[in-house]
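Undergrad: One structure coming up, written as C-alpha cells, with questions to follow.
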Amino acid sequence: MQRPSRRTGYYLALVIVLTLLLTVVYNVGMASWENRPQPLYRSLQVVIQSFTTTGYGEDAPWLTPQMNLLAIVMQFTGIGLILTAVDVFAVPWIRDALTPSAPQVAPELDDHVIICEHTPRTDAFIGELEARGRDYVHIESDPETARELYERGYRLIEGDAETTETLANAHIESAMCVVIDAADDRSASIALAVREARPDVRVIALVEDADLAQYHRAAGVDDVLSPRQLLGESLAEHLPTAVTTEIDEGVTIGEDFELVELTISEDSDLAHTTFAEAALRDRFGVNVVGAWLDSDFKTPVDLDDRLEAGTRLLVTGESDQVESLREITVSAVRDFTAQRIVLAGYGDSGRAVYDGLAGSGSRLTVLDIEQQEQVDVVGDARDPDVLEAAGIRDADALVLTVADDTTAVFTTLIVRELNPDLQIIVRANEEEDVEKLYRAGADYVQSLATVSGRMLASTVFEDEEVLTYQTQINVVRLPASGLEGTTLAAEEVRTTTGCTVIAVIRDGKTITRFDPVNFTFEAGDEFVITGTDEAITQFEQQFRA
C-alpha cells in the first residue's frame with residue numbers, strides 16, 4: 001500500500017509546482033509582452049482554467065506569439081496531468097474494485113493446520129499438505145501479499161496473527177497445530193497469542209537465529225526448528241576435507257542396509273565410463289537409485305549414461321557392499337593436505353559450516369559484510385577486490401551462505417571467473433533459484449526452502465518420517481495403505497512417480513530384498529521411498545489412501 005500513496009504524493013507535488021510556476025510565468029508575460037499587468041490571483045485562475053479545459057476567461061485572445069506559445073504549453077500540460085491522474089487514481093481504484101480481496105474469516109474446518117505468515121520456506125510444506133489433501137489456513141498480515149496469494153489459489157485469510165481475533169477467524173479451536181514462519185521477535189509474539197487463544201494446541205516455529213530458541217519455548221512453542229543451522233551442517237559435509245573424505249555417512253534404513261550418496265572422483269576407476277561398463281550391481285551388489293547428471297537428478301539411469309568426474313550417485317545396499325563401492329569412487333591416492341576454504345556469509349548457516357570444519361584441519365577464511373568475531377575479511381562478496389583479499393584465487397573451495405540468492409548468483413559468476421577450478425557450494429534461499437546457481441557455475445546447491453519443508457513435514461505428521469534433510473533427495477517412511485493388495489510392478493510406481501521403494505517394513509522387520517513383481521503389500525505395511533520433492537508429492541497424490 002505504500003507505493004500508491006507515494007505516487008499520489010509525487011503527483012500532487014507535481015501539480016502544485018507546475019501551477020505555481022506557470023502562474024508566475026503567465027503573470028510576467030501578461031505584463032511584459034501583452035502590456036496588461038494583472039494580480040497573481042487572476043493569472044492563477046487562467047492557469048487552472050487551462051489545466052481543467054474550462055476556458056481562459058477574459059484574457060483571450062493574446063496578441064503576441066510568446067503568450068500564444070505559453071497558452072499552448074499550458075494546454076498540453078493540462079492534458080498530461082489529466083492522463084497522469086487517470087493512472088494514479090482511476091486505474092488503482094478500478095483494479096481494487098475488480099480484484100477480489102482475501103477473506104478475513106476462513107470457512108468451517110476441522111483438524112487443519114494454521115500457517116502464520118508466508119515465506120518461500122512454507123511453500124514446500126504447503127505442497128506436502130495439498131498432496132495429502134489436508135486442510136490448512138494461511139494467515140497473512142500484509143493486504144497486498146494476501147491478495148496476491150489468494151489469487152494464486154492459497155487457502156488464506158488476511159489478518160494479524162498476533163491477535164486472538166484473527167486466530168479465532170482461522171478456527172484455532174479445531175486446528176491440529178499452528179506453524180509460525182515469521183521474524184523471530186514476531187514469532188514469539190504470535191506464539192503468545194496462540195497460547196492465549198488455545199492453550200493446548202501444538203505450536204511449531206521456524207527460527208532464523210538458533211540462539212533464540214529458548215525464548216520461543218518460553219513463549220509457548222513446542223517445537224523450534226532451525227533449518228539454517230541444519231543446512232549449514234549439511235554444506236560442511238560436502239567440502240573436500242580430510243574429515244569428509246574419510247567419513248561419508250549414509251542413511252541407515254535397516255540393521256545392515258544403507259542409502260548413500262557418493263561422488264565419483266577424477267582418479268576413480270569408474271570415471272569416464274558408462275553405467276553399463278561400470279556394472280555396479282554385478283560388481284558390488286548395490287542398487288543405483290539415481291544420479292545427478294549435469295545438475296539434474298535422473299532416476300532411473302540409462303545404461304549408456306556416463307559416470308563423469310563429479311557425478312553423484314544415490315545407491316542402496318548392505319553396509320559392506322556400499323563400503324566396497326565407496327573405496328573405488330574416491331581417488332586411488334587420497335590427498336589429506338589441509339584445504340583452503342573461503343566461507344562467504346557468517347549467519348546461522350555460516351556459523352554451522354564453521355563449526356563443522358573445526359576439526360578438519362582446513363585453513364578457513366571467513367568473509368562477511370559486517371565485522372564479527374571469527375570474520376577475517378569484511379566486505380561485499382560481489383566485489384572482486386574483496387574476494388581477492390579473502391584469497392579466492394588460491395582457495396580449494398568456496399561456501400556461499402549470503403543473505404539473498406541474487407547476491408549468491410552474481411558472486412558465483414565472479415568467483416568462477418577468478419578461479420575456474422574452485423569447488424563452489426551454495427545455500428539457496430528459494431527452490432526456484434537452485435537451477436540459476438548451477439548455471440552460474442556452482443558445483444553443489446541446497447535449498448533452504450526445501451530443507452524447511454522437510455523439517456515441517458517430519459515434525460507435523462507422525463505417520464511420515466523424513467529420514468534425511470541433508471541430501472537433495474527425500475527419504476521418507478510412509479504407511480503403504482494406498483498399495484494394499486497390489487505390487488510395485490502392477491502400479492508402475494517408479495515409472496509414474498519417479499520414486500523408488502527401497503525397503504518395506506512389515507511387523508517391525510525391514511525387508512530390503514523383495515520382488516517388485518510378486519511382492520504384495522498388506523495392511524499395516526510401511527515403506528521407505530526416495531525421490532525428489534516433486535516425485536514424493538506425486539507419489540502421495542497417487543498412492544496415499
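We label chains A, B, ... in the order they appear in the C-alpha cells, count residues from 1 in each chain, and number ligands from 1 in the order shown.
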So which residues of segment 52-280 of chain A fall under strand (DSSP E or B) by DSSP, listed as a ChimeraX atom specification?

TA: /A:113-116,136-140,156-158,177-180,202-206,223-225,251-254,257-263,273-274

Undergrad: Taking only segment 132-377 of chain A into account, list the residues labelled alpha helix (DSSP H) by DSSP (computed from the backbone), as a ChimeraX atom specification.

TA: /A:132,143-151,164-169,184-197,213-218,227-237,242-246,275-278,280-284,319-329,348-356

Undergrad: Taking into account only C-alpha atoms, which residue in the set A:Gln104, A:Thr299, A:Ser141, A:Ser187 is nearest to Ala168 of chain A?

TA: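 Among A:Gln104, A:Thr299, A:Ser141, A:Ser187, it is A:Gln104 that comes nearest to Ala168 of chain A.
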
Undergrad: From the list A:Arg494, A:Arg477, A:Arg281, A:Arg351, which residue is nearest Phe527 of chain A when using only C-alpha atoms?

TA: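 Once distances to Phe527 of chain A are computed over only C-alpha atoms, the minimum belongs to A:Arg477.
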
Undergrad: With only C-alpha atoms as the basis for distance, which of A:Cys116, A:Leu22, A:Leu259, A:Val426 is at the shortest distance from Gln75 of chain A?

TA: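 Of all the options, A:Leu22 lies closest to Gln75 of chain A.
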